[in-house]
Each structure stands twice: as C-alpha cells, then as structure tokens.
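Asker: mmCIF, C-alpha atoms and all ligand atoms, saved as target.cif, coming up:
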```
data_input
loop_
_atom_site.label_atom_id
_atom_site.label_comp_id
_atom_site.auth_asym_id
_atom_site.auth_seq_id
_atom_site.Cartn_x
_atom_site.Cartn_y
_atom_site.Cartn_z
CA MET J 1 112.62 162.53 1.42
CA SER J 2 116.32 162.41 1.96
CA LYS J 3 118.33 159.43 0.80
CA ARG J 4 119.19 158.76 4.40
CA ILE J 5 115.54 158.45 5.47
CA ILE J 6 114.78 156.21 2.49
CA ALA J 7 117.76 154.04 3.34
CA ALA J 8 116.62 153.87 6.97
CA LEU J 9 113.08 152.91 5.89
CA CYS J 10 114.44 150.22 3.57
CA LEU J 11 116.52 148.83 6.40
CA LEU J 12 113.51 148.83 8.70
CA CYS J 13 111.40 146.99 6.08
CA LEU J 14 114.16 144.46 5.62
CA LEU J 15 114.47 143.92 9.34
CA LEU J 16 110.71 143.57 9.77
CA SER J 17 110.32 141.12 6.91
CA GLY J 18 113.38 139.25 8.18
CA CYS J 19 111.80 139.04 11.63
CA GLY J 20 108.55 137.81 10.11
CA LYS J 21 110.40 135.00 8.43
CA GLU J 22 112.25 134.03 11.54
CA THR J 23 109.34 133.92 13.94
CA GLY J 24 106.49 132.56 11.81
CA PRO J 25 105.70 128.88 12.28
CA ALA J 26 105.05 126.40 9.51
CA SER J 27 102.34 123.77 9.86
CA GLY J 28 101.71 120.51 8.09
CA THR J 29 98.80 118.07 8.22
CA PHE J 30 99.35 114.47 7.19
CA PHE J 31 97.31 111.30 7.31
CA ALA J 32 99.44 108.40 8.46
CA MET J 33 99.21 105.49 10.88
CA ASN J 34 95.44 105.65 10.64
CA THR J 35 95.27 109.11 12.14
CA VAL J 36 95.44 112.82 11.33
CA ILE J 37 98.81 114.29 12.23
CA ASN J 38 99.33 118.02 12.73
CA LEU J 39 102.81 119.46 13.13
CA THR J 40 103.47 123.11 14.01
CA ILE J 41 107.13 124.09 13.95
CA TYR J 42 108.76 127.45 14.65
CA PRO J 43 112.07 128.34 13.02
CA THR J 44 115.25 128.12 15.06
CA LYS J 45 118.34 130.32 14.71
CA ASN J 46 120.71 127.73 13.30
CA GLY J 47 119.12 124.90 11.52
CA ALA J 48 116.97 123.66 8.69
CA THR J 49 113.79 125.63 8.00
CA PRO J 50 110.47 124.31 9.32
CA GLU J 51 109.36 123.78 5.72
CA GLU J 52 112.34 121.54 5.01
CA VAL J 53 111.75 119.60 8.20
CA LEU J 54 108.03 119.15 7.40
CA THR J 55 108.97 117.49 4.10
CA GLU J 56 111.40 115.20 5.91
CA ALA J 57 108.76 114.46 8.57
CA GLU J 58 106.34 113.33 5.88
CA THR J 59 108.92 110.91 4.47
CA LEU J 60 109.68 109.63 7.97
CA LEU J 61 105.98 109.04 8.68
CA GLY J 62 105.72 107.03 5.47
CA THR J 63 108.58 104.76 6.58
CA LEU J 64 107.15 104.37 10.08
CA GLU J 65 103.75 103.50 8.68
CA LYS J 66 105.30 100.71 6.66
CA ASN J 67 107.54 99.44 9.46
CA LEU J 68 104.83 99.34 12.13
CA SER J 69 101.55 98.63 10.31
CA VAL J 70 99.61 95.40 10.75
CA THR J 71 96.79 96.27 8.39
CA ASP J 72 98.91 96.76 5.25
CA PRO J 73 99.33 93.24 3.80
CA GLU J 74 102.72 94.30 2.37
CA ALA J 75 104.07 95.40 5.77
CA PRO J 76 106.76 93.24 7.43
CA LEU J 77 104.59 92.58 10.50
CA SER J 78 101.79 91.24 8.29
CA ALA J 79 104.17 88.59 6.97
CA VAL J 80 105.17 87.68 10.53
CA ASN J 81 101.51 87.40 11.51
CA ARG J 82 100.75 85.21 8.48
CA ASP J 83 103.75 82.87 8.78
CA GLY J 84 104.43 82.96 12.53
CA TRP J 85 107.98 84.05 11.77
CA GLY J 86 109.75 86.64 9.67
CA THR J 87 112.70 88.90 9.09
CA VAL J 88 111.79 92.54 9.68
CA PRO J 89 113.62 95.90 9.51
CA ILE J 90 115.65 96.48 12.67
CA GLU J 91 113.31 99.33 13.64
CA THR J 92 110.29 96.99 13.65
CA GLY J 93 112.29 94.60 15.86
CA GLU J 94 113.29 97.38 18.24
CA VAL J 95 109.74 98.65 18.65
CA ALA J 96 108.45 95.09 19.11
CA ALA J 97 111.11 94.28 21.73
CA GLU J 98 110.45 97.51 23.64
CA ALA J 99 106.69 96.89 23.41
CA LEU J 100 107.16 93.41 24.92
CA ARG J 101 109.15 94.98 27.77
CA LEU J 102 106.28 97.44 28.35
CA CYS J 103 103.78 94.55 28.39
CA ASP J 104 105.87 92.98 31.12
CA TRP J 105 106.17 96.24 33.10
CA THR J 106 102.39 96.67 33.10
CA GLY J 107 101.85 93.08 34.23
CA GLY J 108 100.16 92.19 30.96
CA ALA J 109 97.51 94.96 31.02
CA LEU J 110 99.21 95.85 27.76
CA ASP J 111 99.51 92.81 25.54
CA VAL J 112 100.62 93.35 21.96
CA THR J 113 99.57 89.82 21.00
CA LEU J 114 95.86 90.63 21.36
CA TYR J 115 95.52 91.20 17.63
CA PRO J 116 93.39 88.13 16.74
CA VAL J 117 90.90 89.23 19.43
CA SER J 118 90.87 92.79 18.11
CA LEU J 119 90.22 91.38 14.61
CA ALA J 120 87.31 89.29 15.91
CA TRP J 121 85.66 92.50 17.14
CA GLY J 122 86.35 94.08 13.75
CA PHE J 123 88.11 97.12 15.16
CA THR J 124 90.74 97.28 12.46
CA THR J 125 88.46 96.29 9.58
CA GLU J 126 85.30 98.21 10.56
CA ASN J 127 83.33 94.92 10.32
CA HIS J 128 82.12 95.41 13.86
CA ARG J 129 80.51 92.50 15.70
CA VAL J 130 80.25 91.09 19.23
CA PRO J 131 82.09 87.74 19.15
CA PRO J 132 80.54 84.91 21.21
CA ARG J 133 82.27 83.99 24.48
CA GLU J 134 83.54 80.62 23.16
CA GLU J 135 85.19 82.35 20.22
CA LEU J 136 86.96 84.81 22.53
CA ASP J 137 88.10 82.00 24.84
CA ALA J 138 89.55 80.08 21.89
CA LEU J 139 91.37 83.20 20.63
CA LEU J 140 92.70 84.08 24.11
CA GLU J 141 94.57 80.74 24.13
CA HIS J 142 96.97 82.36 21.65
CA VAL J 143 97.37 85.66 23.51
CA ASP J 144 100.50 85.88 25.65
CA TYR J 145 103.26 88.41 24.98
CA ARG J 146 105.72 86.22 26.98
CA ARG J 147 105.69 83.67 24.18
CA ALA J 148 106.68 86.15 21.44
CA ALA J 149 110.39 86.49 20.69
CA VAL J 150 112.57 89.07 18.92
CA ALA J 151 116.18 88.36 17.89
CA PHE J 152 118.49 90.98 16.37
CA LEU J 153 120.88 90.65 13.45
CA PRO J 154 122.68 94.00 13.77
CA GLU J 155 125.04 93.34 10.88
CA GLU J 156 122.18 92.97 8.48
CA GLN J 157 120.20 95.76 10.19
CA THR J 158 117.31 93.35 10.56
CA ALA J 159 115.54 91.42 13.30
CA GLU J 160 113.59 88.19 13.43
CA ILE J 161 110.25 87.97 15.15
CA SER J 162 108.80 84.57 15.98
CA LEU J 163 105.34 83.87 17.30
CA PRO J 164 103.81 80.55 18.35
CA ASP J 165 101.01 79.08 16.26
CA GLY J 166 97.91 81.26 16.12
CA MET J 167 99.56 84.31 17.70
CA GLU J 168 99.57 87.71 15.96
CA MET J 169 101.24 90.94 17.00
CA ASP J 170 99.86 94.51 16.76
CA LEU J 171 101.92 97.54 17.75
CA GLY J 172 98.94 99.93 17.52
CA ALA J 173 99.00 100.76 21.23
CA VAL J 174 102.52 102.20 21.01
CA ALA J 175 103.07 103.13 17.35
CA LYS J 176 101.98 106.77 17.58
CA GLY J 177 104.01 107.28 20.74
CA TYR J 178 107.07 105.85 19.02
CA ALA J 179 106.41 108.04 15.96
CA GLY J 180 106.37 111.10 18.27
CA ASN J 181 109.80 110.08 19.61
CA ARG J 182 111.17 109.79 16.08
CA LEU J 183 109.70 113.12 14.95
CA ARG J 184 111.20 114.82 18.01
CA ALA J 185 114.61 113.30 17.25
CA LEU J 186 114.35 114.52 13.65
CA LEU J 187 113.58 118.08 14.79
CA LEU J 188 116.42 118.09 17.32
CA GLU J 189 118.88 116.80 14.76
CA ARG J 190 117.88 119.19 11.98
CA MET J 191 116.96 122.33 13.91
CA GLY J 192 119.05 122.38 17.07
CA GLU J 193 118.10 122.58 20.69
CA ASP J 194 116.04 125.76 20.94
CA LEU J 195 112.86 124.19 19.62
CA HIS J 196 109.32 125.50 19.77
CA ALA J 197 107.06 122.93 18.20
CA LEU J 198 103.81 121.12 18.80
CA LEU J 199 103.39 117.63 17.34
CA ASP J 200 99.85 116.27 17.45
CA LEU J 201 99.45 112.67 16.36
CA GLY J 202 95.71 112.08 16.73
CA GLY J 203 95.46 112.82 20.44
CA ASN J 204 99.09 112.00 21.16
CA VAL J 205 100.63 115.42 21.70
CA VAL J 206 104.33 116.14 22.03
CA ALA J 207 105.21 119.68 23.11
CA LEU J 208 108.80 120.67 22.34
CA GLY J 209 109.95 123.65 24.36
CA GLY J 210 107.21 126.13 25.06
CA ARG J 211 105.52 128.73 22.90
CA PRO J 212 107.90 131.26 21.37
CA ASP J 213 106.69 133.90 23.84
CA GLY J 214 107.98 131.70 26.66
CA ASP J 215 104.60 130.48 27.89
CA PRO J 216 103.92 126.74 27.99
CA TRP J 217 101.92 125.21 25.16
CA ARG J 218 98.26 124.87 26.06
CA VAL J 219 97.13 121.32 25.36
CA GLY J 220 93.37 120.69 25.44
CA ILE J 221 92.28 117.41 27.02
CA ARG J 222 89.07 116.16 25.41
CA ASP J 223 86.00 115.61 27.52
CA PRO J 224 85.19 111.89 27.08
CA GLU J 225 81.48 112.64 27.64
CA ASN J 226 81.26 115.41 25.07
CA THR J 227 84.13 114.99 22.67
CA ASP J 228 83.56 118.40 21.05
CA GLY J 229 84.25 119.99 24.41
CA LEU J 230 87.28 120.23 26.62
CA LEU J 231 87.69 118.59 30.00
CA GLY J 232 90.46 121.03 30.75
CA VAL J 233 93.71 122.52 29.59
CA LEU J 234 97.22 121.43 30.47
CA GLY J 235 100.16 123.81 30.33
CA ALA J 236 102.90 121.74 28.71
CA TYR J 237 106.58 122.59 28.35
CA ASP J 238 108.72 119.85 26.85
CA ALA J 239 106.25 117.06 27.51
CA ALA J 240 104.42 114.17 25.91
CA VAL J 241 100.66 114.32 26.63
CA ILE J 242 99.01 111.09 25.54
CA THR J 243 95.38 110.09 25.95
CA SER J 244 93.53 106.80 25.50
CA GLY J 245 89.77 106.87 25.68
CA GLY J 246 86.85 104.56 25.08
CA TYR J 247 85.36 107.29 22.89
CA GLU J 248 88.11 107.19 20.25
CA ARG J 249 87.01 104.14 18.31
CA TYR J 250 83.87 102.25 19.19
CA PHE J 251 80.57 100.84 17.94
CA GLU J 252 77.20 100.35 19.56
CA GLU J 253 74.92 97.33 19.53
CA ASN J 254 71.64 97.02 21.45
CA GLY J 255 72.47 100.19 23.33
CA VAL J 256 75.84 98.89 24.55
CA ARG J 257 79.06 100.64 23.58
CA TYR J 258 82.06 98.50 22.63
CA TRP J 259 85.44 100.20 22.31
CA HIS J 260 88.84 99.32 20.92
CA ILE J 261 90.85 99.08 24.14
CA LEU J 262 90.59 95.46 25.20
CA ASP J 263 91.24 93.73 28.49
CA PRO J 264 93.69 90.88 27.79
CA ALA J 265 92.15 88.95 30.71
CA THR J 266 88.71 88.74 29.09
CA GLY J 267 89.20 89.65 25.43
CA GLU J 268 86.39 92.20 25.85
CA PRO J 269 86.50 96.01 25.82
CA ALA J 270 88.12 97.05 29.11
CA ARG J 271 85.40 98.17 31.55
CA SER J 272 87.53 99.25 34.44
CA GLY J 273 85.49 102.27 35.51
CA LEU J 274 87.64 104.72 33.54
CA LYS J 275 86.54 106.69 30.49
CA SER J 276 89.89 108.17 29.63
CA VAL J 277 93.49 108.17 30.76
CA THR J 278 96.01 110.90 29.94
CA VAL J 279 99.67 110.24 30.63
CA VAL J 280 102.08 113.19 30.83
CA GLY J 281 105.77 112.39 30.64
CA SER J 282 109.10 113.19 29.06
CA PRO J 283 108.89 114.11 25.35
CA ALA J 284 111.69 111.59 24.73
CA ASP J 285 109.48 108.87 26.15
CA GLY J 286 106.25 109.18 24.20
CA MET J 287 106.18 105.46 23.49
CA THR J 288 106.17 104.65 27.20
CA CYS J 289 103.40 107.21 27.78
CA ASP J 290 101.40 105.71 24.91
CA ALA J 291 101.78 102.20 26.32
CA LEU J 292 100.79 103.42 29.77
CA SER J 293 97.70 105.29 28.55
CA THR J 294 96.36 102.02 27.13
CA ALA J 295 97.52 99.82 30.04
CA LEU J 296 96.22 102.09 32.82
CA PHE J 297 92.87 102.36 31.02
CA VAL J 298 92.70 98.57 31.32
CA MET J 299 93.80 98.60 34.99
CA GLY J 300 91.24 101.10 36.30
CA LEU J 301 91.58 103.89 38.86
CA GLU J 302 92.87 102.00 41.89
CA LYS J 303 95.48 99.91 40.13
CA ALA J 304 96.54 102.90 38.00
CA ALA J 305 97.06 104.97 41.17
CA GLU J 306 99.09 102.14 42.69
CA PHE J 307 101.15 101.82 39.52
CA TRP J 308 101.84 105.57 39.56
CA ARG J 309 102.97 105.40 43.20
CA ASP J 310 105.28 102.47 42.46
CA ASN J 311 106.93 104.17 39.47
CA THR J 312 108.29 107.59 38.55
CA GLY J 313 108.60 109.77 35.46
CA PHE J 314 104.95 110.34 34.54
CA GLU J 315 101.79 112.07 35.76
CA LEU J 316 98.14 111.21 35.12
CA ILE J 317 94.70 112.65 34.41
CA LEU J 318 92.06 109.96 34.95
CA VAL J 319 88.37 110.39 34.14
CA SER J 320 85.99 107.94 35.82
CA ASP J 321 82.70 106.64 34.42
CA ASP J 322 80.77 109.01 36.73
CA GLY J 323 82.68 111.99 35.29
CA GLY J 324 84.96 112.41 38.32
CA VAL J 325 88.46 113.62 37.51
CA THR J 326 91.57 112.46 39.37
CA ILE J 327 95.00 113.99 38.73
CA THR J 328 98.41 113.19 40.19
CA GLU J 329 100.14 115.83 42.29
CA GLY J 330 102.72 116.79 39.65
CA LEU J 331 99.93 118.36 37.55
CA ARG J 332 98.38 120.38 40.37
CA ASP J 333 99.71 123.68 39.00
CA SER J 334 99.66 122.97 35.27
CA PHE J 335 96.20 121.43 34.72
CA SER J 336 92.99 123.43 34.94
CA LEU J 337 89.58 121.81 34.66
CA SER J 338 86.93 123.49 32.50
CA SER J 339 83.98 124.93 34.38
CA GLY J 340 81.22 122.42 35.10
CA HIS J 341 83.59 119.60 35.96
CA GLY J 342 83.84 120.34 39.66
CA GLU J 343 87.12 119.88 41.44
CA ALA J 344 89.72 117.29 40.55
CA THR J 345 90.82 114.84 43.23
CA VAL J 346 94.59 115.07 43.62
CA LEU J 347 96.57 111.86 44.21
CA GLU J 348 99.67 112.27 46.34
CA ARG J 349 102.71 110.04 46.64
CA GLN J 350 102.39 109.97 50.46
P1 LIG E 1 94.51 105.01 20.05
O1 LIG E 1 95.31 104.25 19.04
O2 LIG E 1 93.08 105.14 19.73
O3 LIG E 1 95.16 106.31 20.44
P2 LIG E 1 95.61 103.37 22.12
O4 LIG E 1 96.95 103.99 22.13
O5 LIG E 1 95.02 103.11 23.46
O6 LIG E 1 94.52 104.16 21.35
O7 LIG E 1 95.80 102.00 21.33
C1 LIG E 1 94.70 101.19 21.08
C2 LIG E 1 95.09 100.15 20.06
O8 LIG E 1 95.96 99.20 20.64
C3 LIG E 1 93.88 99.36 19.60
O9 LIG E 1 93.38 99.89 18.41
C4 LIG E 1 94.43 97.95 19.41
O10 LIG E 1 95.04 97.87 18.13
C5 LIG E 1 95.48 97.86 20.45
N1 LIG E 1 95.05 97.40 21.77
C6 LIG E 1 93.83 97.44 22.36
N2 LIG E 1 93.85 96.98 23.62
C7 LIG E 1 95.15 96.64 23.85
C8 LIG E 1 95.84 96.09 24.97
N3 LIG E 1 95.23 95.83 26.12
N4 LIG E 1 97.17 95.87 24.81
C9 LIG E 1 97.81 96.12 23.67
N5 LIG E 1 97.23 96.64 22.58
C10 LIG E 1 95.92 96.90 22.67
MG MG E 2 98.34 103.81 23.67
#
```
Can you dump the structure from the file as structure tokens?
Ligand code: ADP
Ligand code: MG

Answerer:
Amino acid sequence: MSKRIIAALCLLCLLLSGCGKETGPASGTFFAMNTVINLTIYPTKNGATPEEVLTEAETLLGTLEKNLSVTDPEAPLSAVNRDGWGTVPIETGEVAAEALRLCDWTGGALDVTLYPVSLAWGFTTENHRVPPREELDALLEHVDYRRAAVAFLPEEQTAEISLPDGMEMDLGAVAKGYAGNRLRALLLERMGEDLHALLDLGGNVVALGGRPDGDPWRVGIRDPENTDGLLGVLGAYDAAVITSGGYERYFEENGVRYWHILDPATGEPARSGLKSVTVVGSPADGMTCDALSTALFVMGLEKAAEFWRDNTGFELILVSDDGGVTITEGLRDSFSLSSGHGEATVLERQ
C-alpha cells in the first residue's frame, strides 16, 4: 500500500472517529426530588461536552432538592413550616412567590398551602390512611395561599416566607417543572443555542430542539389505565410536556383508590372526571405547565377547556374516567393516539 493510501485511510479513520464523538449523545440517570431523572444530551459545535454538563446538572439537582424540599428536615422550607416564618435562599423565595401567583391564576385549584392535608393522607410519608371528615375540615381552615407571604432581601440574596399559624407550604406541584427550567438554562448557557436534548424528570419531559436528524422528539404519553402502555405519542420540538395523573402515587382501601392530587375545596383526592392531564407548552415555562397539569386535573374537563380558551401559550391532552381522550387544536398534527383508543375529540378556540 502506498504511503498516500495509508495517509488517506488514517485521515478517514480520524474523521470517522471525530464524527462519532461529535454526534453521540451522553445520558445520565439521577435520583432527585423524589423521582428518577433521565437526561440525554447531544454535543453541540461550540460548547461544553455533554459529559461535563451532566456533572454540572447533577450538582444543580442537588441544590434544587435542598432549596425546594419539604420532606428533608434540614431544608429551608421545613424550618418555615415548623416556625411559621423563616429566611430562605432567594431561589426558594422566587419559586414560592411564582407558585403563589400560579395558585391565583388557577383560582385556587392549585394551592401550595395544602401540605398539612397531604400529610394527613400520608402521601409524603407513605403512612397512608383515609382521614375522617372532621380532621380534614379542621386542617382546611389553615389552607389558603392568599394568606402566605414572601418578601425579598435582594442584597442578602435571601427571602423571608411567613405563614399564618397552622399553615404549611409544599412546592411539590411545581418543583420538577422549575427544575426543568433550570436544567434548560444550564444547557443553553454551557452548550449554546443549537441544542438537541431530552430531559425527563419523572414524567415531566422537556424537549430541547428536535432529534439530531431534524425530526421532532417522540414523547410517549402514558396510558392512565395501563401504565405500562402508551396512550399515544407526541412529536415535540422545543417543548415542555408535563403530565399529572391519579395513577402516579396512590393507595387503595376497601376497593377505593386515593391519589396524591388533592382538591383544595374538599381536602380529598380530586375526583373531577379526569384520569390524567398533559400540558404542552414552551420549554422555558415548564413550571407553569407543571402547575397547570395539577390545577387542571383538579378542575375537570369542562373547566379545563374553559381555562384553555381564556388563556394562551399551552395545549392539552385530557383523559377522562371513561377513557375518552380530548386534545386541544394545537396538537392535532403532532399527537397520535395508540390503536385501541378510538378517536380523540379536538377542542377548538371557536
Ligand atoms: P407529580 O409530582 O406526581 O408529577 P404533580 O405535579 O401533579 O404530580 O404534583 C403533585 C404534588 O403536589 C403532590 O404530591 C402534593 O405534594 C402537591 N399537591 C397535590 N394537590 C395539590 C394542589 N391541588 N395544589 C398544590 N399542590 C398539590
Ligand atoms: Mg404538577
């Protein structure tokens, strides 16, 4: 073989291996915020490597866990819940203030002060029980997001949260959505704009860009009836796809299923006629989508449809108790139902 051919072969090998490096994704699985988190990140032309960013993502998740947890007795929110008042990192204050705004926007279907009720059902401790009506009524006296207050001390990079007697705050309905926003910001900052990544935070999916071949990411929506199966697949390009379902965390007693999404009006698991709600929105707005998935689950089909018509910036996939699927018109071309689920009803803005 001539030197030239050998040189050409070497160059080819180098190019091929170089290509391999540039196009192969890196994946990481972490357990944080009470859920399994899977991140798949493709390299970009100018930026940190996916491996570097995965390490940074793990550190970030650790900080977020601390700043947003209510179950860790050492976490700042736990102190607030114990004492009714406390100084917290500014991030905790910002998430709390934004969560209170979202409670207001959803007319109280989302209420981040439901925590004592959630505790009574044992959803965070796994000591599941059905609390008697009188107990729920007494606890509901302390539930009202309008009475919680957040004040900022920007110079100290802290905030103060104050709660009236007996009130406790839980950011669980928005924490994973917020974490998705932060992970996205980290990737944008460290890897540049041309991102191809899929961030899956226990059912909260954030698609950044599309797949490297240009197709949208294919996000499976779980079938609430048969959680090993898929209800359908959504083609997602730069989108947050966030689902709340009664099947995610629940227990059964005397043949009745009790799940972790509670109706602030009754203190009981929300039985609104919906089995799951998926909210599709901007990837920068995962926290809003997360809040909405919980709130619209509480509202039920009719009120959720009305809420969607009155607002913009998100689309919905709603599964009713009878298995019927309703989607909003913006998903008509990107969502396909699995066989056996019939046809989806499409909501239009009119
Ligand atoms: P998941 O965390 O399973 O994805 P959600 O995003 O719907 O589900 O959040 C549910 C969590 O939010 C519950 O575990 C509880 O801590 C809290 N929660 C339940 N119901 C409400 C509600 N109506 N408003 C605010 N928070 C709620
Ligand atoms: Mg939620």

Asker: Return as a VMD selection string the residues of protein, DNA or RNA that approach ligand MG 2 (chain E) to within 7 Å, with all atoms listed in the file taken into account.

Answerer: chain J and resid 173 to 174 244 290 to 294

Asker: Would you put the residues from that selection into a file with C-alpha atoms, as a short mmCIF file (atom, residue, chain, number, x, y, z; two decimals), in the coordinates of the input?

Answerer:
```cif
data_model
loop_
_atom_site.label_atom_id
_atom_site.label_comp_id
_atom_site.auth_asym_id
_atom_site.auth_seq_id
_atom_site.Cartn_x
_atom_site.Cartn_y
_atom_site.Cartn_z
CA ALA J 173 99.00 100.76 21.23
CA VAL J 174 102.52 102.20 21.01
CA SER J 244 93.53 106.80 25.50
CA ASP J 290 101.40 105.71 24.91
CA ALA J 291 101.78 102.20 26.32
CA LEU J 292 100.79 103.42 29.77
CA SER J 293 97.70 105.29 28.55
CA THR J 294 96.36 102.02 27.13
#
```

Asker: Anything within 8 Å of (99.1, 97.0, 23.9): list those residues as a PyMOL selection string, counting all atoms listed in the file and sticking to the file's coordinates.

Answerer: chain J and resi 99+103+109-114+170-174+291+294-295

Asker: Write a file of the selected residues as a compact mmCIF listing (two decimals), in the coordinates of the input, keeping C-alpha atoms.

Answerer:
```
# COMPACT_ATOMS: atom_id res chain seq x y z
CA ALA J 99 106.69 96.89 23.41
CA CYS J 103 103.78 94.55 28.39
CA ALA J 109 97.51 94.96 31.02
CA LEU J 110 99.21 95.85 27.76
CA ASP J 111 99.51 92.81 25.54
CA VAL J 112 100.62 93.35 21.96
CA THR J 113 99.57 89.82 21.00
CA LEU J 114 95.86 90.63 21.36
CA ASP J 170 99.86 94.51 16.76
CA LEU J 171 101.92 97.54 17.75
CA GLY J 172 98.94 99.93 17.52
CA ALA J 173 99.00 100.76 21.23
CA VAL J 174 102.52 102.20 21.01
CA ALA J 291 101.78 102.20 26.32
CA THR J 294 96.36 102.02 27.13
CA ALA J 295 97.52 99.82 30.04
```

Asker: Can you work out which one of J:Leu188, J:Val325, J:Leu337, J:Val70 has the shortest atom-to-atom distance to Gly229 in chain J, counting only C-alpha atoms?

Answerer: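 Ranking J:Leu188, J:Val325, J:Leu337, J:Val70 by distance to Gly229 in chain J, first place goes to J:Leu337.
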
Asker: Near Ala26 in chain J, counting all atoms listed in the file, which residues have an atom at most 12 Å away, once you skip same-chain residues fewer than 5 positions from it, shown as an NGL selection string?

Answerer: :J and (20-21 or 38-44 or 49-55 or 196-199)

Asker: Looking at J:Thr125, J:Thr87, J:Thr288, J:Ser282, which one is nearest to Leu153 in chain J, with distances taken over only C-alpha atoms?

Answerer: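 Smallest separation from Leu153 in chain J among the options: J:Thr87.
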
Asker: Box along x, y and z, 8 Å on every side, all listed atoms of ligand LIG 1 (chain E) inside: centre and edge lengths in Å to one decimal, as JSON.

Answerer:
```
{"center_x": 95.4, "center_y": 101.1, "center_z": 22.1, "size_x": 20.7, "size_y": 26.5, "size_z": 24.0}
```

Asker: Find, counting all atoms listed in the file, the residue in J:Gly214, J:Gly267, J:Gly192, J:Pro25 that gets nearest to ligand LIG 1 (chain E).

Answerer: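 Ranked by minimum distance to ligand LIG 1 (chain E), first place goes to J:Gly267.
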
Asker: Around the point (94.2, 102.5, 12.1) (coordinates from the file), which residues reach within 12 Å if we count all atoms listed in the file? Answer as a PyMOL selection string.

Answerer: chain J and resi 31-36+65+68-72+118+122-126+170-173+175-176+202+248-249+260

Asker: With all atoms listed in the file as the atoms that count, which of J:Ser320, J:Thr312, J:Asn204, J:Ser334 lies nearest to ligand LIG 1 (chain E)?

Answerer: J:Asn204

Asker: For CA of Gly107 in chain J and atom C7 of ligand LIG 1 (chain E), quote the distance in Å rounded to one decimal.

Answerer: 12.9 Å

Asker: I'd like the interatomic distance between CA of Ile261 in chain J and atom O1 of ligand LIG 1 (chain E), to a tenth of an Å.

Answerer: 8.5 Å

Asker: Would you pick out the contacts of range 205-208 of chain J at 7 Å or less, using only C-alpha atoms, so that residues sharing its chain but fewer than 3 positions from it are not included, and give the list as JSON, numbers by chain?

Answerer: {"J": [180, 195, 196, 197, 198, 199, 200, 201, 217, 236, 237, 238, 239, 240, 241, 242, 283]}

Asker: Need to verify the contact set: Glu160 in chain J, 9 Å, all atoms listed in the file, exclusion of same-chain residues closer than 5 positions in sequence. Can you return it as a short mmCIF file (atom, residue, chain, number, x, y, z; two decimals) with C-alpha atoms, in the coordinates of the input?

Answerer:
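Saved file out-v8.cif follows:
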```cif
data_model
loop_
_atom_site.label_atom_id
_atom_site.label_comp_id
_atom_site.auth_asym_id
_atom_site.auth_seq_id
_atom_site.Cartn_x
_atom_site.Cartn_y
_atom_site.Cartn_z
CA VAL J 80 105.17 87.68 10.53
CA TRP J 85 107.98 84.05 11.77
CA GLY J 86 109.75 86.64 9.67
CA THR J 87 112.70 88.90 9.09
CA VAL J 88 111.79 92.54 9.68
CA PRO J 89 113.62 95.90 9.51
CA ILE J 90 115.65 96.48 12.67
CA GLY J 93 112.29 94.60 15.86
CA ALA J 149 110.39 86.49 20.69
CA VAL J 150 112.57 89.07 18.92
CA ALA J 151 116.18 88.36 17.89
CA PHE J 152 118.49 90.98 16.37
CA LEU J 153 120.88 90.65 13.45
#
```

Asker: Which residues, written as a PyMOL selection string, have at least one atom at most 9 Å from Ile327 in chain J, with all atoms listed in the file counted and residues fewer than 2 positions away on the same chain left out?

Answerer: chain J and resi 315-319+325+329-332+335+344-347

Asker: All heavy atoms are what I want for range 226-231 of chain J; can you complete it accordingly and write them as a compact mmCIF listing (two decimals), keeping the file's coordinate frame?

Answerer:
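Below is the file part24.txt, written as the result:
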```
# COMPACT_ATOMS: atom_id res chain seq x y z
N ASN J 226 81.69 114.51 26.14
CA ASN J 226 81.26 115.41 25.07
C ASN J 226 82.51 115.76 24.29
O ASN J 226 83.23 116.70 24.60
CB ASN J 226 80.62 116.66 25.71
CG ASN J 226 80.58 117.83 24.76
OD1 ASN J 226 80.54 117.65 23.53
ND2 ASN J 226 80.63 119.04 25.30
N THR J 227 82.80 114.93 23.27
CA THR J 227 84.13 114.99 22.67
C THR J 227 84.36 116.25 21.83
O THR J 227 85.46 116.47 21.34
CB THR J 227 84.41 113.73 21.83
OG1 THR J 227 83.27 113.48 21.03
CG2 THR J 227 84.68 112.54 22.74
N ASP J 228 83.32 117.10 21.69
CA ASP J 228 83.56 118.40 21.05
C ASP J 228 84.07 119.41 22.08
O ASP J 228 84.55 120.48 21.74
CB ASP J 228 82.27 118.96 20.42
CG ASP J 228 81.85 118.11 19.25
OD1 ASP J 228 82.75 117.53 18.60
OD2 ASP J 228 80.64 118.00 18.99
N GLY J 229 83.89 119.05 23.35
CA GLY J 229 84.25 119.99 24.41
C GLY J 229 85.55 119.60 25.08
O GLY J 229 86.11 118.54 24.82
N LEU J 230 86.03 120.50 25.93
CA LEU J 230 87.28 120.23 26.62
C LEU J 230 87.03 119.93 28.10
O LEU J 230 86.26 120.59 28.76
CB LEU J 230 88.20 121.46 26.54
CG LEU J 230 88.88 121.73 25.20
CD1 LEU J 230 89.87 122.88 25.35
CD2 LEU J 230 89.61 120.49 24.69
N LEU J 231 87.71 118.90 28.58
CA LEU J 231 87.69 118.59 30.00
C LEU J 231 88.51 119.63 30.75
O LEU J 231 88.17 120.05 31.86
CB LEU J 231 88.33 117.21 30.20
CG LEU J 231 88.45 116.72 31.62
CD1 LEU J 231 87.11 116.16 32.06
CD2 LEU J 231 89.54 115.67 31.74
```
